[in-house]
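Chemist: Sharing target-v9.txt (compact mmCIF, C-alpha atoms) below.
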# COMPACT_ATOMS: atom_id res chain seq x y z
CA MET A 1 110.39 104.63 73.70
CA SER A 2 113.66 105.30 75.58
CA VAL A 3 113.24 109.08 75.16
CA PHE A 4 109.66 108.79 76.40
CA ILE A 5 110.74 106.87 79.53
CA ILE A 6 113.63 109.28 80.29
CA ARG A 7 111.30 112.28 80.12
CA ARG A 8 108.84 110.58 82.41
CA LEU A 9 111.61 109.71 84.90
CA MET A 10 112.79 113.33 85.01
CA GLN A 11 109.24 114.52 85.63
CA ALA A 12 108.86 111.89 88.36
CA MET A 13 112.01 113.07 90.15
CA LEU A 14 110.76 116.66 90.13
CA VAL A 15 107.38 115.59 91.50
CA VAL A 16 109.02 113.61 94.33
CA LEU A 17 111.21 116.60 95.29
CA VAL A 18 108.28 119.03 95.38
CA MET A 19 106.09 116.60 97.30
CA SER A 20 108.86 115.96 99.84
CA PHE A 21 108.86 119.67 100.69
CA LEU A 22 105.05 119.86 100.90
CA VAL A 23 104.82 116.70 103.04
CA PHE A 24 107.56 117.77 105.43
CA ALA A 25 106.19 121.32 105.71
CA GLY A 26 102.64 120.06 106.31
CA VAL A 27 103.69 117.69 109.10
CA TYR A 28 106.11 120.25 110.59
CA VAL A 29 103.35 122.77 111.37
CA VAL A 30 100.97 120.24 112.96
CA GLY A 31 101.18 120.01 116.75
CA ASP A 32 104.08 119.67 119.17
CA PRO A 33 105.19 116.04 119.73
CA THR A 34 106.87 116.89 123.04
CA GLN A 35 103.46 117.57 124.61
CA ILE A 36 102.75 113.84 124.24
CA LEU A 37 106.23 112.39 124.54
CA VAL A 38 107.27 114.36 127.65
CA ALA A 39 105.56 113.69 130.97
CA ASP A 40 103.31 116.46 132.30
CA ASP A 41 105.33 116.75 135.50
CA ALA A 42 108.68 117.16 133.65
CA ASP A 43 110.53 120.42 134.27
CA GLN A 44 111.63 122.86 131.57
CA ALA A 45 115.17 121.48 131.47
CA GLU A 46 113.92 117.95 130.78
CA ARG A 47 111.58 119.25 128.07
CA ALA A 48 114.43 121.20 126.45
CA ARG A 49 116.65 118.10 126.52
CA VAL A 50 114.02 115.99 124.73
CA ILE A 51 113.46 118.72 122.14
CA ALA A 52 117.21 118.89 121.44
CA GLU A 53 117.52 115.08 121.21
CA LEU A 54 114.71 114.94 118.66
CA GLY A 55 116.22 117.81 116.67
CA LEU A 56 113.07 119.91 117.04
CA ASP A 57 115.08 122.92 118.22
CA GLN A 58 116.46 123.44 114.70
CA PRO A 59 114.84 125.89 112.20
CA PHE A 60 112.52 124.44 109.59
CA HIS A 61 114.96 124.73 106.68
CA VAL A 62 117.70 122.96 108.67
CA GLN A 63 115.36 120.10 109.58
CA TYR A 64 114.21 119.80 105.96
CA LEU A 65 117.76 119.73 104.59
CA GLN A 66 118.69 117.10 107.18
CA PHE A 67 115.65 115.10 106.11
CA LEU A 68 116.65 115.36 102.43
CA GLY A 69 120.19 114.30 103.21
CA GLY A 70 118.97 111.29 105.14
CA ALA A 71 116.37 110.41 102.49
CA LEU A 72 119.07 110.21 99.80
CA SER A 73 120.77 107.51 101.90
CA GLY A 74 117.51 105.71 102.69
CA ASN A 75 117.03 107.21 106.15
CA LEU A 76 113.66 108.90 106.64
CA GLY A 77 114.18 109.58 110.34
CA GLU A 78 113.75 107.68 113.57
CA SER A 79 110.38 107.12 115.20
CA PHE A 80 109.80 109.23 118.32
CA ARG A 81 107.65 106.48 119.79
CA PHE A 82 109.46 103.24 118.88
CA ASN A 83 113.04 104.55 118.67
CA GLU A 84 113.42 102.63 115.41
CA PRO A 85 114.00 103.84 111.83
CA ALA A 86 110.68 105.05 110.45
CA LEU A 87 111.34 103.44 107.07
CA GLN A 88 111.89 100.07 108.75
CA LEU A 89 108.56 100.34 110.57
CA ILE A 90 106.82 101.13 107.28
CA LEU A 91 108.52 98.32 105.37
CA GLU A 92 107.67 95.79 108.10
CA ARG A 93 103.96 96.54 107.70
CA LEU A 94 103.89 97.34 103.98
CA PRO A 95 103.59 93.67 102.83
CA ALA A 96 100.32 93.29 104.73
CA THR A 97 98.88 96.40 103.07
CA LEU A 98 100.14 95.41 99.61
CA GLU A 99 98.63 91.96 100.02
CA LEU A 100 95.29 93.48 100.98
CA ALA A 101 95.44 95.97 98.09
CA PHE A 102 96.35 93.31 95.52
CA VAL A 103 93.47 91.06 96.54
CA ALA A 104 91.06 94.02 96.55
CA LEU A 105 92.23 95.08 93.08
CA ALA A 106 91.94 91.51 91.81
CA ILE A 107 88.35 91.36 93.06
CA ALA A 108 87.53 94.68 91.39
CA VAL A 109 89.04 93.61 88.05
CA PHE A 110 87.80 90.00 88.06
CA PHE A 111 84.19 90.98 88.68
CA GLY A 112 84.12 94.60 87.46
CA ILE A 113 85.24 94.20 83.84
CA PRO A 114 82.87 91.31 82.92
CA LEU A 115 79.92 92.90 84.74
CA GLY A 116 80.57 96.33 83.22
CA THR A 117 81.02 94.89 79.73
CA TRP A 118 77.77 92.95 80.05
CA ALA A 119 75.94 96.06 81.21
CA GLY A 120 77.38 98.02 78.27
CA LEU A 121 76.51 95.44 75.62
CA ARG A 122 72.97 94.87 76.94
CA PRO A 123 72.10 98.18 78.65
CA GLU A 124 68.33 97.61 78.69
CA SER A 125 68.36 94.14 80.20
CA PRO A 126 67.21 93.59 83.82
CA VAL A 127 70.65 92.16 84.68
CA ALA A 128 72.40 95.32 83.43
CA LYS A 129 70.08 97.56 85.44
CA THR A 130 70.71 95.45 88.53
CA ILE A 131 74.46 95.70 87.99
CA MET A 132 74.32 99.49 87.68
CA THR A 133 72.13 99.77 90.79
CA GLY A 134 74.70 97.73 92.68
CA SER A 135 77.48 100.03 91.45
CA ILE A 136 75.61 103.04 92.81
CA LEU A 137 75.42 101.35 96.21
CA GLY A 138 79.15 100.61 96.04
CA PHE A 139 79.84 104.32 95.54
CA SER A 140 77.38 105.46 98.20
CA LEU A 141 77.82 103.20 101.21
CA PRO A 142 80.48 104.34 103.74
CA THR A 143 83.42 101.96 103.96
CA PHE A 144 83.49 101.84 107.75
CA TRP A 145 79.75 101.07 107.94
CA VAL A 146 80.02 98.26 105.37
CA GLY A 147 82.97 96.82 107.29
CA ILE A 148 81.10 96.84 110.58
CA MET A 149 78.04 95.22 108.96
CA MET A 150 80.23 92.52 107.41
CA ILE A 151 81.79 91.76 110.78
CA LEU A 152 78.37 91.65 112.40
CA LEU A 153 76.95 89.28 109.75
CA PHE A 154 79.82 86.96 108.80
CA ALA A 155 81.79 86.91 112.06
CA VAL A 156 79.30 87.49 114.87
CA ILE A 157 76.00 86.09 113.58
CA LEU A 158 77.12 83.37 111.14
CA GLY A 159 80.58 82.74 112.59
CA TRP A 160 82.02 81.93 109.17
CA LEU A 161 85.02 84.28 109.14
CA PRO A 162 87.38 85.80 111.73
CA SER A 163 86.48 89.39 112.53
CA THR A 164 89.93 90.97 112.81
CA GLY A 165 93.66 90.50 112.33
CA ARG A 166 95.86 88.74 109.80
CA SER A 167 96.65 85.04 109.69
CA ASP A 168 99.84 83.79 111.36
CA GLU A 169 100.36 81.21 108.59
CA ILE A 170 102.86 83.25 106.54
CA THR A 171 104.68 81.91 103.47
CA TYR A 172 107.64 83.70 101.88
CA VAL A 173 107.54 83.97 98.08
CA LEU A 174 110.67 85.57 96.62
CA GLY A 175 111.22 87.19 99.99
CA PHE A 176 107.68 88.60 100.13
CA PRO A 177 105.63 87.42 103.15
CA THR A 178 102.11 86.42 102.21
CA THR A 179 99.22 84.57 103.82
CA LEU A 180 97.46 83.74 100.55
CA PHE A 181 98.76 80.14 100.45
CA SER A 182 96.59 78.97 103.34
CA LEU A 183 92.86 78.73 103.95
CA ASP A 184 93.27 80.59 107.22
CA GLY A 185 94.97 83.42 105.33
CA TRP A 186 92.05 83.72 102.91
CA ALA A 187 89.59 83.53 105.78
CA HIS A 188 91.24 86.54 107.41
CA ILE A 189 91.72 88.63 104.27
CA LEU A 190 88.38 88.01 102.53
CA MET A 191 86.23 90.50 104.43
CA PRO A 192 88.71 93.41 104.50
CA ALA A 193 89.57 92.85 100.83
CA VAL A 194 85.92 92.88 99.75
CA ASN A 195 85.31 95.93 101.91
CA LEU A 196 88.25 97.75 100.34
CA ALA A 197 87.31 96.64 96.81
CA LEU A 198 83.68 97.81 96.78
CA PHE A 199 84.35 101.38 95.66
CA LYS A 200 86.90 100.28 93.02
CA LEU A 201 84.55 97.54 91.82
CA SER A 202 81.85 100.12 91.18
CA LEU A 203 84.36 102.33 89.37
CA VAL A 204 85.55 99.49 87.11
CA ILE A 205 81.95 98.52 86.30
CA ARG A 206 81.14 102.06 85.19
CA LEU A 207 84.35 102.46 83.19
CA SER A 208 83.85 99.12 81.43
CA ARG A 209 80.20 99.86 80.72
CA ALA A 210 80.98 103.30 79.26
CA GLY A 211 83.80 101.87 77.14
CA ALA A 212 81.68 98.99 75.85
CA ARG A 213 78.78 101.27 74.90
CA GLU A 214 81.15 103.57 73.01
CA VAL A 215 83.16 100.87 71.25
CA VAL A 216 80.30 98.59 70.23
CA HIS A 217 79.01 101.16 67.69
CA GLN A 218 82.39 101.72 66.01
CA ASP A 219 82.89 100.75 62.38
CA TYR A 220 85.59 98.17 63.07
CA ILE A 221 83.17 96.26 65.33
CA LYS A 222 80.54 96.25 62.59
CA PHE A 223 83.18 95.17 60.08
CA ALA A 224 84.35 92.33 62.34
CA ARG A 225 80.79 91.07 62.65
CA ALA A 226 80.30 91.45 58.90
CA LYS A 227 83.32 89.18 58.32
CA GLY A 228 81.49 86.47 60.21
CA LEU A 229 83.57 86.46 63.39
CA SER A 230 81.88 84.86 66.38
CA GLU A 231 80.37 87.19 68.96
CA SER A 232 82.75 85.91 71.63
CA ARG A 233 85.77 86.74 69.43
CA VAL A 234 84.42 90.19 68.66
CA ILE A 235 83.96 90.93 72.35
CA LEU A 236 87.17 89.35 73.67
CA VAL A 237 89.51 90.62 70.94
CA HIS A 238 88.07 93.83 69.54
CA VAL A 239 85.84 95.23 72.28
CA MET A 240 87.94 94.28 75.31
CA LYS A 241 91.22 95.54 73.86
CA ASN A 242 89.82 99.02 73.36
CA ILE A 243 87.93 99.39 76.62
CA LEU A 244 91.02 98.26 78.56
CA ILE A 245 92.94 101.46 77.70
CA PRO A 246 90.99 103.76 80.08
CA VAL A 247 90.54 100.92 82.59
CA VAL A 248 94.30 100.27 82.77
CA THR A 249 95.00 103.99 83.11
CA VAL A 250 92.59 104.45 86.00
CA LEU A 251 93.35 101.17 87.77
CA GLY A 252 97.07 101.90 87.85
CA LEU A 253 96.46 105.01 89.91
CA GLU A 254 93.61 103.44 91.83
CA PHE A 255 95.96 100.76 93.14
CA GLY A 256 97.93 103.55 94.78
CA GLY A 257 94.64 104.74 96.22
CA LEU A 258 93.98 101.28 97.63
CA VAL A 259 97.32 101.40 99.44
CA ALA A 260 96.98 105.02 100.56
CA PHE A 261 93.35 104.92 101.63
CA SER A 262 93.23 101.50 103.24
CA VAL A 263 93.37 103.32 106.59
CA VAL A 264 89.67 102.91 107.35
CA THR A 265 89.53 99.25 106.36
CA GLU A 266 92.70 98.39 108.30
CA THR A 267 91.35 100.20 111.36
CA VAL A 268 87.95 98.48 111.24
CA PHE A 269 89.41 95.00 110.73
CA ALA A 270 92.58 95.58 112.85
CA TRP A 271 94.66 94.66 109.80
CA PRO A 272 98.37 95.13 110.70
CA GLY A 273 99.30 97.31 107.75
CA ILE A 274 100.72 100.79 107.26
CA GLY A 275 97.28 102.41 107.47
CA LYS A 276 96.82 101.22 111.04
CA LEU A 277 100.38 102.34 111.82
CA LEU A 278 99.58 105.80 110.44
CA ILE A 279 96.57 106.21 112.72
CA GLU A 280 98.66 105.22 115.74
CA SER A 281 101.46 107.59 114.68
CA ILE A 282 99.07 110.51 114.24
CA SER A 283 97.69 109.98 117.74
CA PHE A 284 101.26 110.24 119.10
CA LEU A 285 102.35 112.98 116.65
CA ASP A 286 105.17 110.70 115.53
CA ARG A 287 106.40 112.99 112.75
CA PRO A 288 109.11 110.77 111.20
CA VAL A 289 106.68 107.86 110.73
CA ILE A 290 103.99 110.15 109.28
CA VAL A 291 106.47 111.73 106.85
CA ALA A 292 107.90 108.31 105.91
CA TYR A 293 104.38 106.97 105.27
CA LEU A 294 103.43 109.92 103.08
CA MET A 295 106.69 109.76 101.12
CA ILE A 296 106.22 106.03 100.50
CA ILE A 297 102.73 106.77 99.20
CA VAL A 298 104.10 109.54 96.95
CA LEU A 299 106.71 107.16 95.54
CA ILE A 300 104.07 104.49 94.94
CA PHE A 301 101.85 106.95 93.06
CA VAL A 302 104.75 108.29 90.99
CA PHE A 303 105.95 104.78 90.14
CA LEU A 304 102.44 103.61 89.21
CA ASN A 305 101.90 106.72 87.11
CA LEU A 306 105.12 105.93 85.22
CA ILE A 307 104.05 102.31 84.68
CA VAL A 308 100.60 103.45 83.51
CA ASP A 309 102.14 105.90 81.03
CA ILE A 310 104.34 103.15 79.61
CA ALA A 311 101.46 100.67 79.45
CA TYR A 312 99.23 103.28 77.83
CA SER A 313 101.89 104.04 75.20
CA ILE A 314 102.15 100.33 74.42
CA LEU A 315 98.37 99.96 74.06
CA ASP A 316 98.11 103.18 72.05
CA PRO A 317 101.40 104.22 70.31
CA ARG A 318 99.86 107.57 69.35
CA VAL A 319 100.35 108.70 72.96
CA ARG A 320 104.11 108.15 72.70
CA LEU A 321 104.35 109.97 69.38
CA GLN A 322 102.34 112.97 70.61
CA ASP A 323 104.55 113.23 73.70
CA MET A 324 107.71 113.27 71.58
CA LYS A 325 106.31 115.97 69.32
CA SER A 326 105.43 118.15 72.29
Could you quickly redo this structure as structure tokens?

Modeler:
Amino acid sequence: MSVFIIRRLMQAMLVVLVMSFLVFAGVYVVGDPTQILVADDADQAERARVIAELGLDQPFHVQYLQFLGGALSGNLGESFRFNEPALQLILERLPATLELAFVALAIAVFFGIPLGTWAGLRPESPVAKTIMTGSILGFSLPTFWVGIMMILLFAVILGWLPSTGRSDEITYVLGFPTTLFSLDGWAHILMPAVNLALFKLSLVIRLSRAGAREVVHQDYIKFARAKGLSESRVILVHVMKNILIPVVTVLGLEFGGLVAFSVVTETVFAWPGIGKLLIESISFLDRPVIVAYLMIIVLIFVFLNLIVDIAYSILDPRVRLQDMKS
């Protein structure tokens, strides 16, 4: 197992290095921040001074090497707009996004696996067909439109839930700020979390259904039933254990997607997370914040991929053995 983890760590480091170059190069060629940061009536000398202060007068390779040097010490640059470290701005807003992503993932798992398993075990039942129809809608409906409709129904018409923002009732758990220990916190997070979870919920339903339909016809399931095991034990122990392998693999990476692609949901519900910060930074061409955001997302995906590989090797030791042989 240690050899397996070391190899994965080395691969992860290489991926992070390559992605740092691609991210920095991609942001470097997009727009000129001084056109927004410098007043229109500023003279050429003032414009040149701002460019020099921001380090934009240096060649690309010099800027990239400076970025790498700073990144190794935890400095991803200073925001052009806020005059604060970009990493600090990201970390201040990251807990709100992680909280939203965790709740959305919990909704997808809590409802998706049972519904998908039911649809796989009884594919011809009216309930299963209804579940699969709902999953198609979850894939098809645009996130921003669903969010707006939820606000219109539950906030404007019914008045049950607040339409935007995050609760001010924050509790610190092991240093992590969360609003999930208050009713007001749940009232604020419920709509954006459901909105963010819809696509993942549909994905989990389909994965669970496909896994259940494949596993239920295997010989070990027939043998377990032949031994007289109860149907609930067959499903919970034998069926669920085997369908969880692809579900765990996909959900690990999909959590990174929840964090990375929460931009639309955070914008619609004015959720104060990193997605909303990204949109604001793009409008101001705040390169350091954009690069810091993208690098944080890269690190999250790489870390989750490593965790998924380890979890997969625990669930199925053949994966670890095949990797060592190769």

Chemist: Atom CA of A:Tyr293 and atom CA of A:Gly77 are how many Å apart?

Modeler: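 Here the two named atoms are 11.3 Å from each other.
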
Chemist: Do you know which residues are at most 10 Å from stretch 126-131 of chain A counting all atoms listed in the file, after dropping those on the same chain fewer than 3 positions away, and could you put them as a PyMOL selection string?

Modeler: chain A and resi 112+115-123+134-136+202+205-206+209

Chemist: In Å, how far is it from atom CA of A:Val50 to atom CA of A:Val291?

Modeler: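 A separation of 19.9 Å between them.
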
Chemist: Please determine, counting only C-alpha atoms, which residue among A:Gly257, A:Pro288, A:Gly138, A:Gly211 has the shortest atom-to-atom distance to A:Lys241.

Modeler: A:Gly211

Chemist: Here is a test: counting only C-alpha atoms, which residue of A:Met13, A:Val27, A:Ile51, A:Ala155 is nearest to A:Met191?

Modeler: A:Ala155

Chemist: Between A:Arg8, A:Lys200, A:Arg287, A:Lys276, which is the closest to A:Phe111 once you count all atoms listed in the file?

Modeler: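 Selected residue with least distance to A:Phe111: A:Lys200.
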
Chemist: Using Å and a single decimal, report how far atom CA of A:Leu91 sits from atom CA of A:Ile170.

Modeler: 16.1 Å

Chemist: In terms of the shortest atom-to-atom distance over all atoms listed in the file, which of A:Arg81, A:Gly256, A:Ile243, A:Met132 is closest to A:Glu280?

Modeler: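 Closest to A:Glu280, using all atoms listed in the file: A:Arg81.
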
Chemist: Let me make sure I understand: among A:Leu56, A:Thr133, A:Ile245, A:Glu99, which one has the smallest atom-to-atom distance to A:Trp186 if we use only C-alpha atoms?

Modeler: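 Smallest distance to A:Trp186 is found for A:Glu99.
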
Chemist: Using all atoms listed in the file, which residue out of A:Leu152, A:Ile282, A:Leu304, A:Met295 lies closest to A:Phe269?

Modeler: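 Checking each candidate against A:Phe269, we get A:Leu152 as the closest.
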